[in-house]
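Reviewing the structure listed below.
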Amino acid sequence: MMSLLRLRTALRPRVVSAVTRSVVEPVLRAPYLSTARWLPEFFTWPEQKRRAWQRDRLRAVLRHAQEEVPYYRDVLAGRNVDGVDLAELPVIDKAMMRPCMDNFLSRDWRDIPHIVKKTGGSTGDPFQYPLDKRAWVHIYAANLYFWERTGYRYGDRLVMVGSPPSLQSASEGLKSRLRALLEGRVVSAAGCHIDPETSLERALTAGRARGVLWYGYASHVAAMADAVLEAGVRVPSPKVIVTTAELLFPTWRERIEQAFEAPLRDQYGCNDGGIMSQGCSHSRLHLAESVSIVEILDHAGRRCPPGEEGDVVVTNLHARTLPFLRYRIGDRAVLGAGTCPCGTEGTFLERVVGRQGDSLQLPNGKHVSMHPLGKCFFDARHVRRYQFVQPEPGRVQVRLEVEPGFDADERSMILGEVRRLVGSAVEVDLTTDEPMERTRGGKHRVVVRTFDAA
């Protein structure tokens, strides 16, 4: 009986792949798996060939935007798009687009096959937009490509840890549900709650499902790990765990790997703009250059050199319904230099720092970003989660969720590190009794400012 079960498990990815490529892709008119099967070839191309492919795709998107999109019809008026450098285009963002969406949408955009997507609302204000299927195909194909590099095979049992809004389409229809069934998806305790009871049940459900890959918010998986370690139970391990949508704190990584004894990969992506990347064994985030061109810009709009923090700006190489050209997505990141020690070619991010608003503003006008803030907790062994709440420039409250063993010495060490960082002009207090602020989509927030920063 066990041999038959193993045989069925081994054969399922082959059958699902064959059915997907022969039936599902033609019905959906979306060759996502076929594109994923092409990507290993794409990523072996020499850099010059990859860049030429990107330039061809960029010219096609620019031509479409010039002909069909009112905003870019004005911006590119009289220009030969073959000679337009990407840096000549203005940087846009959703705040610019929202009040006048018709200026950014393609003429007759409803006739272009598309799906409705929305952002996760990290700023508390989700952005809903149409994403044409061609762009979605390349994003999802890159997602599958990265997953399969971890040992997962398309058609293997996949556990969705919770069911966060940002991991779903805003228009989940029958076709989407059937695809999820075919792909072997199991939802482990839907919702965004991360209390110990829900988290333990989520972990036990994931274990019972015997998923090859677990996928979900970093904070949800970390809460599952905490619950499992506290309860002293053992959960069957997946082949790999992939976290997404939030910064993966080093302490979270440590506890997740301890609780589930599975390798962990972090993923960074967004559909608006179009980014897909996944961390390697050295924790660098390798970008899918088949999806988009990613720039890191400083406050003056200049490209940052590798190693320097700046705003993430994305140009989607496939979006036509709503072209995302030099679109500032609201994140801060650092571009990597040279070739990653893991040996993978191509562009990578050294790290994602966080959202643009995720920084403390000091009374002297300076900002402290999430990366140095995180260093205040490097030696804090009993802190599960931390959050900085700043009601005014001169006052910061550090909220902690701690585990047994947290004592006065650890508390004093954290307070000392934070005070050293923000200076004597800022009043700092620490509490373990206040609840953590979360976005409407259930994401953990590291910095919560309740005043408008300069």
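Ordering of the structure tokens sets the chain letters (A, B, ...), residue numbers begin anew at 1 in every chain, and ligands are numbered from 1 in the order given.
The list of residues with at least one atom within 7 Å of stretch 97-107 of chain A, based on only C-alpha atoms and without residues fewer than 6 positions apart in the same chain, reads Glu68, Val69, Pro70, Tyr71, Arg320, Thr321 and Leu322 of chain A.
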* Mind checking which residues fall within 12 Å of A:Asn143, counting only C-alpha atoms, ignoring those fewer than 3 positions away in the same chain, and posting them as a ChimeraX atom specification? => /A:32-33,35-37,39,136-140,146-150,152,154,215,242,244,266-271,274-279,286-288,290-291
Keeping C-alpha atoms for every residue in the selection just given, could you write it to a file as a compact mmCIF listing (two decimals), in the first residue's frame?
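Output (selection20.txt):
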```
# COMPACT_ATOMS: atom_id res chain seq x y z
CA TYR A 32 2.80 29.91 -17.43
CA LEU A 33 4.23 26.40 -17.03
CA THR A 35 7.35 29.71 -19.76
CA ALA A 36 8.69 28.29 -16.49
CA ARG A 37 10.19 25.39 -18.46
CA LEU A 39 13.47 29.93 -17.89
CA TRP A 136 1.01 37.54 -14.97
CA VAL A 137 2.33 34.57 -16.96
CA HIS A 138 5.92 35.77 -16.65
CA ILE A 139 5.60 36.62 -12.95
CA TYR A 140 4.04 33.27 -12.05
CA PHE A 146 12.40 29.61 -8.27
CA TRP A 147 10.32 27.06 -6.36
CA GLU A 148 11.54 24.23 -8.56
CA ARG A 149 15.14 25.21 -7.87
CA THR A 150 14.48 24.22 -4.23
CA TYR A 152 9.68 21.26 -5.48
CA TYR A 154 5.01 21.48 -10.22
CA TYR A 215 4.47 29.09 1.36
CA VAL A 242 9.40 29.73 1.27
CA THR A 244 7.21 36.03 1.41
CA ASP A 266 12.88 33.98 1.36
CA GLN A 267 11.02 35.45 -1.59
CA TYR A 268 10.57 39.08 -2.58
CA GLY A 269 8.07 40.05 -5.21
CA CYS A 270 5.18 42.24 -6.23
CA ASN A 271 2.67 42.15 -9.05
CA GLY A 274 6.44 43.24 -11.51
CA ILE A 275 9.24 41.82 -9.39
CA MET A 276 9.97 38.21 -8.66
CA SER A 277 13.06 37.12 -6.76
CA GLN A 278 14.09 34.43 -4.33
CA GLY A 279 16.88 34.11 -1.81
CA HIS A 286 18.17 36.86 -7.25
CA LEU A 287 15.92 38.80 -9.63
CA ALA A 288 13.95 37.29 -12.48
CA SER A 290 12.67 37.89 -17.59
CA VAL A 291 9.98 39.81 -15.71
```
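Using only C-alpha atoms, the contacts of A:Leu247 at a cut-off of 8 Å, with sequence neighbours closer than 3 positions omitted, comprise A:Ala218, A:Thr244, A:Val352, A:Val353, A:Gly354.
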Using only all heavy atoms, please write the residues we just selected to a file, as a PDB file, in the first residue's frame.
```pdb
ATOM      1  N   ALA A 218       6.112  35.545   6.312  1.00  0.00           N
ATOM      2  CA  ALA A 218       7.195  35.202   7.232  1.00  0.00           C
ATOM      3  C   ALA A 218       6.713  35.196   8.681  1.00  0.00           C
ATOM      4  O   ALA A 218       7.071  34.303   9.461  1.00  0.00           O
ATOM      5  CB  ALA A 218       8.348  36.193   7.055  1.00  0.00           C
ATOM      6  N   THR A 244       7.423  34.929   2.354  1.00  0.00           N
ATOM      7  CA  THR A 244       7.210  36.030   1.411  1.00  0.00           C
ATOM      8  C   THR A 244       6.513  37.193   2.101  1.00  0.00           C
ATOM      9  O   THR A 244       6.043  37.078   3.231  1.00  0.00           O
ATOM     10  CB  THR A 244       6.360  35.542   0.216  1.00  0.00           C
ATOM     11  OG1 THR A 244       6.311  36.559  -0.784  1.00  0.00           O
ATOM     12  CG2 THR A 244       4.943  35.191   0.648  1.00  0.00           C
ATOM     13  N   VAL A 352      16.618  43.636   1.058  1.00  0.00           N
ATOM     14  CA  VAL A 352      15.491  44.565   1.027  1.00  0.00           C
ATOM     15  C   VAL A 352      15.420  45.187   2.410  1.00  0.00           C
ATOM     16  O   VAL A 352      15.376  44.488   3.429  1.00  0.00           O
ATOM     17  CB  VAL A 352      14.173  43.847   0.678  1.00  0.00           C
ATOM     18  CG1 VAL A 352      12.993  44.814   0.779  1.00  0.00           C
ATOM     19  CG2 VAL A 352      14.250  43.252  -0.720  1.00  0.00           C
ATOM     20  N   VAL A 353      15.420  46.510   2.473  1.00  0.00           N
ATOM     21  CA  VAL A 353      15.492  47.215   3.748  1.00  0.00           C
ATOM     22  C   VAL A 353      14.111  47.371   4.362  1.00  0.00           C
ATOM     23  O   VAL A 353      13.939  47.288   5.576  1.00  0.00           O
ATOM     24  CB  VAL A 353      16.167  48.591   3.566  1.00  0.00           C
ATOM     25  CG1 VAL A 353      16.221  49.346   4.887  1.00  0.00           C
ATOM     26  CG2 VAL A 353      17.571  48.409   2.997  1.00  0.00           C
ATOM     27  N   GLY A 354      13.095  47.585   3.529  1.00  0.00           N
ATOM     28  CA  GLY A 354      11.733  47.760   4.039  1.00  0.00           C
ATOM     29  C   GLY A 354      10.981  48.793   3.219  1.00  0.00           C
ATOM     30  O   GLY A 354      11.415  49.201   2.142  1.00  0.00           O
TER      31      GLY A 354
END
```
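Look at A:Leu373: the protein and nucleic acid residues within 9 Å of it, using only C-alpha atoms and passing over chain neighbours fewer than 6 places away, are Ser359, Leu360, Phe388, Glu417, Val418 and Leu421 of chain A.
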* Distance in Å - atom CA of A:Asp108 versus atom CA of A:Pro31 -> 23.4 Å
* To do: Give me the residues within 9 Å of A:Thr431 as a list of chain:residue names, counting only C-alpha atoms and dropping any in the same chain fewer than 5 places off.
  => A:Gln397, A:Val398, A:Arg399, A:Leu400, A:Glu401
Keeping only N, CA, C and O atoms, write the selected residues to a file as a PDB file, in the first residue's frame.
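Contents of selection-v2.pdb, freshly written:
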```pdb
ATOM      1  N   GLN A 397       8.315  54.332  21.275  1.00  0.00           N
ATOM      2  CA  GLN A 397       8.001  53.181  22.124  1.00  0.00           C
ATOM      3  C   GLN A 397       8.426  51.908  21.410  1.00  0.00           C
ATOM      4  O   GLN A 397       8.049  51.684  20.254  1.00  0.00           O
ATOM      5  N   VAL A 398       9.220  51.082  22.091  1.00  0.00           N
ATOM      6  CA  VAL A 398       9.637  49.793  21.542  1.00  0.00           C
ATOM      7  C   VAL A 398       8.706  48.730  22.108  1.00  0.00           C
ATOM      8  O   VAL A 398       8.670  48.503  23.327  1.00  0.00           O
ATOM      9  N   ARG A 399       7.935  48.103  21.215  1.00  0.00           N
ATOM     10  CA  ARG A 399       7.024  47.034  21.647  1.00  0.00           C
ATOM     11  C   ARG A 399       7.661  45.675  21.339  1.00  0.00           C
ATOM     12  O   ARG A 399       8.127  45.445  20.222  1.00  0.00           O
ATOM     13  N   LEU A 400       7.649  44.804  22.335  1.00  0.00           N
ATOM     14  CA  LEU A 400       8.262  43.491  22.171  1.00  0.00           C
ATOM     15  C   LEU A 400       7.258  42.380  22.466  1.00  0.00           C
ATOM     16  O   LEU A 400       6.416  42.518  23.356  1.00  0.00           O
ATOM     17  N   GLU A 401       7.399  41.297  21.716  1.00  0.00           N
ATOM     18  CA  GLU A 401       6.747  40.044  22.065  1.00  0.00           C
ATOM     19  C   GLU A 401       7.882  39.102  22.450  1.00  0.00           C
ATOM     20  O   GLU A 401       8.747  38.806  21.628  1.00  0.00           O
TER      21      GLU A 401
END
```
Show which residues sit within 12 Å of A:Trp53, as a JSON list (two decimals) with C-alpha atoms, in the first residue's frame. Count only C-alpha atoms, and ignore same-chain residues fewer than 3 positions away.
```
[["chain", "number", "residue", "atom", "x", "y", "z"],
["A", 42, "PHE", "CA", 17.06, 31.98, -20.26],
["A", 43, "PHE", "CA", 19.12, 32.11, -17.07],
["A", 45, "TRP", "CA", 22.28, 32.96, -21.50],
["A", 46, "PRO", "CA", 25.33, 35.24, -21.32],
["A", 47, "GLU", "CA", 24.60, 38.67, -19.88],
["A", 48, "GLN", "CA", 24.83, 40.38, -23.28],
["A", 49, "LYS", "CA", 22.10, 38.14, -24.71],
["A", 50, "ARG", "CA", 19.83, 38.65, -21.67],
["A", 56, "ASP", "CA", 13.64, 44.19, -27.29],
["A", 57, "ARG", "CA", 10.87, 43.67, -24.74],
["A", 58, "LEU", "CA", 11.26, 47.24, -23.44],
["A", 59, "ARG", "CA", 10.98, 48.72, -26.95],
["A", 60, "ALA", "CA", 7.78, 46.71, -27.54],
["A", 289, "GLU", "CA", 15.29, 39.44, -15.30],
["A", 290, "SER", "CA", 12.67, 37.89, -17.59],
["A", 291, "VAL", "CA", 9.98, 39.81, -15.71],
["A", 292, "SER", "CA", 11.27, 43.35, -15.25],
["A", 293, "ILE", "CA", 14.14, 45.80, -15.09],
["A", 317, "LEU", "CA", 8.66, 44.12, -19.58]]
```
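What separates atom CA of A:Ala222 from atom CA of A:Arg255 is a distance of 6.9 Å.
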Write out as a PDB file with N, CA and C atoms, in the first residue's frame which residues come within 10 Å of A:Val422 when counting only C-alpha atoms, dropping same-chain ones fewer than 2 positions away.
```
ATOM      1  N   LEU A 360      12.448  55.704  11.468  1.00  0.00           N
ATOM      2  CA  LEU A 360      12.189  56.686  12.513  1.00  0.00           C
ATOM      3  C   LEU A 360      12.694  58.046  12.057  1.00  0.00           C
ATOM      4  N   GLN A 361      11.906  59.080  12.315  1.00  0.00           N
ATOM      5  CA  GLN A 361      12.367  60.432  12.016  1.00  0.00           C
ATOM      6  C   GLN A 361      12.793  61.097  13.315  1.00  0.00           C
ATOM      7  N   LEU A 362      14.050  61.521  13.382  1.00  0.00           N
ATOM      8  CA  LEU A 362      14.584  62.130  14.588  1.00  0.00           C
ATOM      9  C   LEU A 362      14.296  63.631  14.617  1.00  0.00           C
ATOM     10  N   PRO A 363      14.377  64.259  15.778  1.00  0.00           N
ATOM     11  CA  PRO A 363      14.088  65.697  15.875  1.00  0.00           C
ATOM     12  C   PRO A 363      14.970  66.558  14.977  1.00  0.00           C
ATOM     13  N   LYS A 366      16.875  63.810  10.619  1.00  0.00           N
ATOM     14  CA  LYS A 366      17.475  62.598  10.067  1.00  0.00           C
ATOM     15  C   LYS A 366      16.541  61.405  10.238  1.00  0.00           C
ATOM     16  N   HIS A 367      16.745  60.394   9.382  1.00  0.00           N
ATOM     17  CA  HIS A 367      15.932  59.178   9.442  1.00  0.00           C
ATOM     18  C   HIS A 367      16.802  57.984   9.800  1.00  0.00           C
ATOM     19  N   VAL A 368      16.244  57.053  10.550  1.00  0.00           N
ATOM     20  CA  VAL A 368      16.923  55.797  10.876  1.00  0.00           C
ATOM     21  C   VAL A 368      16.105  54.676  10.249  1.00  0.00           C
ATOM     22  N   LEU A 373      17.993  49.579  12.749  1.00  0.00           N
ATOM     23  CA  LEU A 373      17.075  49.284  13.851  1.00  0.00           C
ATOM     24  C   LEU A 373      17.118  47.799  14.192  1.00  0.00           C
ATOM     25  N   GLY A 394      10.263  63.142  18.925  1.00  0.00           N
ATOM     26  CA  GLY A 394      11.038  63.034  20.152  1.00  0.00           C
ATOM     27  C   GLY A 394      10.655  61.890  21.059  1.00  0.00           C
ATOM     28  N   ARG A 395       9.803  60.982  20.591  1.00  0.00           N
ATOM     29  CA  ARG A 395       9.367  59.894  21.473  1.00  0.00           C
ATOM     30  C   ARG A 395       9.174  58.601  20.674  1.00  0.00           C
ATOM     31  N   VAL A 396       9.727  57.515  21.187  1.00  0.00           N
ATOM     32  CA  VAL A 396       9.637  56.198  20.548  1.00  0.00           C
ATOM     33  C   VAL A 396       9.286  55.153  21.596  1.00  0.00           C
ATOM     34  N   GLU A 417      20.912  49.958  23.152  1.00  0.00           N
ATOM     35  CA  GLU A 417      21.198  49.971  21.715  1.00  0.00           C
ATOM     36  C   GLU A 417      20.306  50.972  20.990  1.00  0.00           C
ATOM     37  N   VAL A 418      19.021  51.006  21.349  1.00  0.00           N
ATOM     38  CA  VAL A 418      18.091  51.928  20.686  1.00  0.00           C
ATOM     39  C   VAL A 418      18.449  53.368  21.023  1.00  0.00           C
ATOM     40  N   ARG A 419      18.744  53.639  22.294  1.00  0.00           N
ATOM     41  CA  ARG A 419      19.090  55.010  22.698  1.00  0.00           C
ATOM     42  C   ARG A 419      20.378  55.474  22.039  1.00  0.00           C
ATOM     43  N   ARG A 420      21.322  54.577  21.900  1.00  0.00           N
ATOM     44  CA  ARG A 420      22.573  54.920  21.214  1.00  0.00           C
ATOM     45  C   ARG A 420      22.306  55.298  19.758  1.00  0.00           C
ATOM     46  N   SER A 424      20.176  61.221  22.454  1.00  0.00           N
ATOM     47  CA  SER A 424      19.615  61.632  23.744  1.00  0.00           C
ATOM     48  C   SER A 424      18.396  62.540  23.615  1.00  0.00           C
ATOM     49  N   ALA A 425      18.172  63.091  22.419  1.00  0.00           N
ATOM     50  CA  ALA A 425      17.027  63.993  22.238  1.00  0.00           C
ATOM     51  C   ALA A 425      15.708  63.244  22.109  1.00  0.00           C
ATOM     52  N   VAL A 426      15.780  61.904  22.014  1.00  0.00           N
ATOM     53  CA  VAL A 426      14.576  61.093  21.830  1.00  0.00           C
ATOM     54  C   VAL A 426      14.301  60.300  23.105  1.00  0.00           C
ATOM     55  N   GLU A 427      13.082  60.413  23.614  1.00  0.00           N
ATOM     56  CA  GLU A 427      12.657  59.634  24.776  1.00  0.00           C
ATOM     57  C   GLU A 427      12.277  58.226  24.309  1.00  0.00           C
ATOM     58  N   VAL A 428      12.875  57.210  24.911  1.00  0.00           N
ATOM     59  CA  VAL A 428      12.632  55.823  24.504  1.00  0.00           C
ATOM     60  C   VAL A 428      12.101  55.027  25.686  1.00  0.00           C
TER      61      VAL A 428
END
```
* Extract the full set of helix (DSSP H, G or I) residues from stretch 301-383 of chain A according to DSSP on the backbone, and format it as a PyMOL selection string. => chain A and resi 370-375
Written file, previous selection with N, CA and C atoms, as a compact mmCIF listing (two decimals), in the first residue's frame:
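Written out: out-v5.txt:
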```txt
# COMPACT_ATOMS: atom_id res chain seq x y z
N MET A 370 15.25 50.63 8.74
CA MET A 370 15.01 49.37 9.42
C MET A 370 16.27 48.54 9.60
N HIS A 371 17.24 48.66 8.72
CA HIS A 371 18.43 47.82 8.84
C HIS A 371 19.20 48.10 10.13
N PRO A 372 19.56 49.37 10.42
CA PRO A 372 20.22 49.62 11.71
C PRO A 372 19.31 49.36 12.90
N LEU A 373 17.99 49.58 12.75
CA LEU A 373 17.07 49.28 13.85
C LEU A 373 17.12 47.80 14.19
N GLY A 374 17.17 46.96 13.16
CA GLY A 374 17.21 45.53 13.38
C GLY A 374 18.45 45.07 14.13
N LYS A 375 19.55 45.80 13.94
CA LYS A 375 20.80 45.42 14.61
C LYS A 375 20.70 45.56 16.13
```
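Between A:Gly307 and the candidates A:Val221, A:Ala206, A:Val159, A:Val334, the tightest atom-to-atom separation, counting only C-alpha atoms, involves A:Val334.
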* To do: Using DSSP on the backbone coordinates, identify the residues of stretch 280-355 of chain A assigned to strand (DSSP E or B); present them as a count of residues only.
  => 35
* d(atom CA of A:Gly78, atom CA of A:Gln66) in Å ->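 Separation between atom CA of A:Gly78 and atom CA of A:Gln66: 9.4 Å.
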* Pick the closest to A:Asp132 from A:Arg29, A:Arg12, A:Arg177, A:Arg185: which is it, counting only C-alpha atoms? ->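 Closest residue, counting only C-alpha atoms: A:Arg29.
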* Asked: Using only C-alpha atoms, which of the listed residues (A:Gly273, A:Cys376, A:Glu257, A:Glu183) sits closest to A:Val15?
  ->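 Among the listed residues, the smallest separation from A:Val15 belongs to A:Glu183.
Minimum atom-to-atom distance to A:Glu392, evaluated using only C-alpha atoms, belongs to A:Val448 out of A:Val16, A:Val448, A:Ala337, A:Leu181.
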Which residues of stretch 30-146 of chain A have any atom within 12 Å of an atom in stretch 308-313 of chain A when counting only C-alpha atoms, and what is the closest pair of atoms for each, with the distance in Å to one decimal? Order the rows by chain and rising number and write it as a Markdown table.
```
| residue | atom | partner | partner_atom | distance |
| --- | --- | --- | --- | --- |
| A:Leu86 | CA | A:Val313 | CA | 11.3 |
| A:Ala87 | CA | A:Val313 | CA | 11.0 |
| A:Leu89 | CA | A:Val313 | CA | 11.7 |
| A:Pro90 | CA | A:Val313 | CA | 10.9 |
| A:Val91 | CA | A:Val313 | CA | 7.7 |
| A:Ile92 | CA | A:Val313 | CA | 8.8 |
| A:Asp93 | CA | A:Val313 | CA | 9.1 |
```
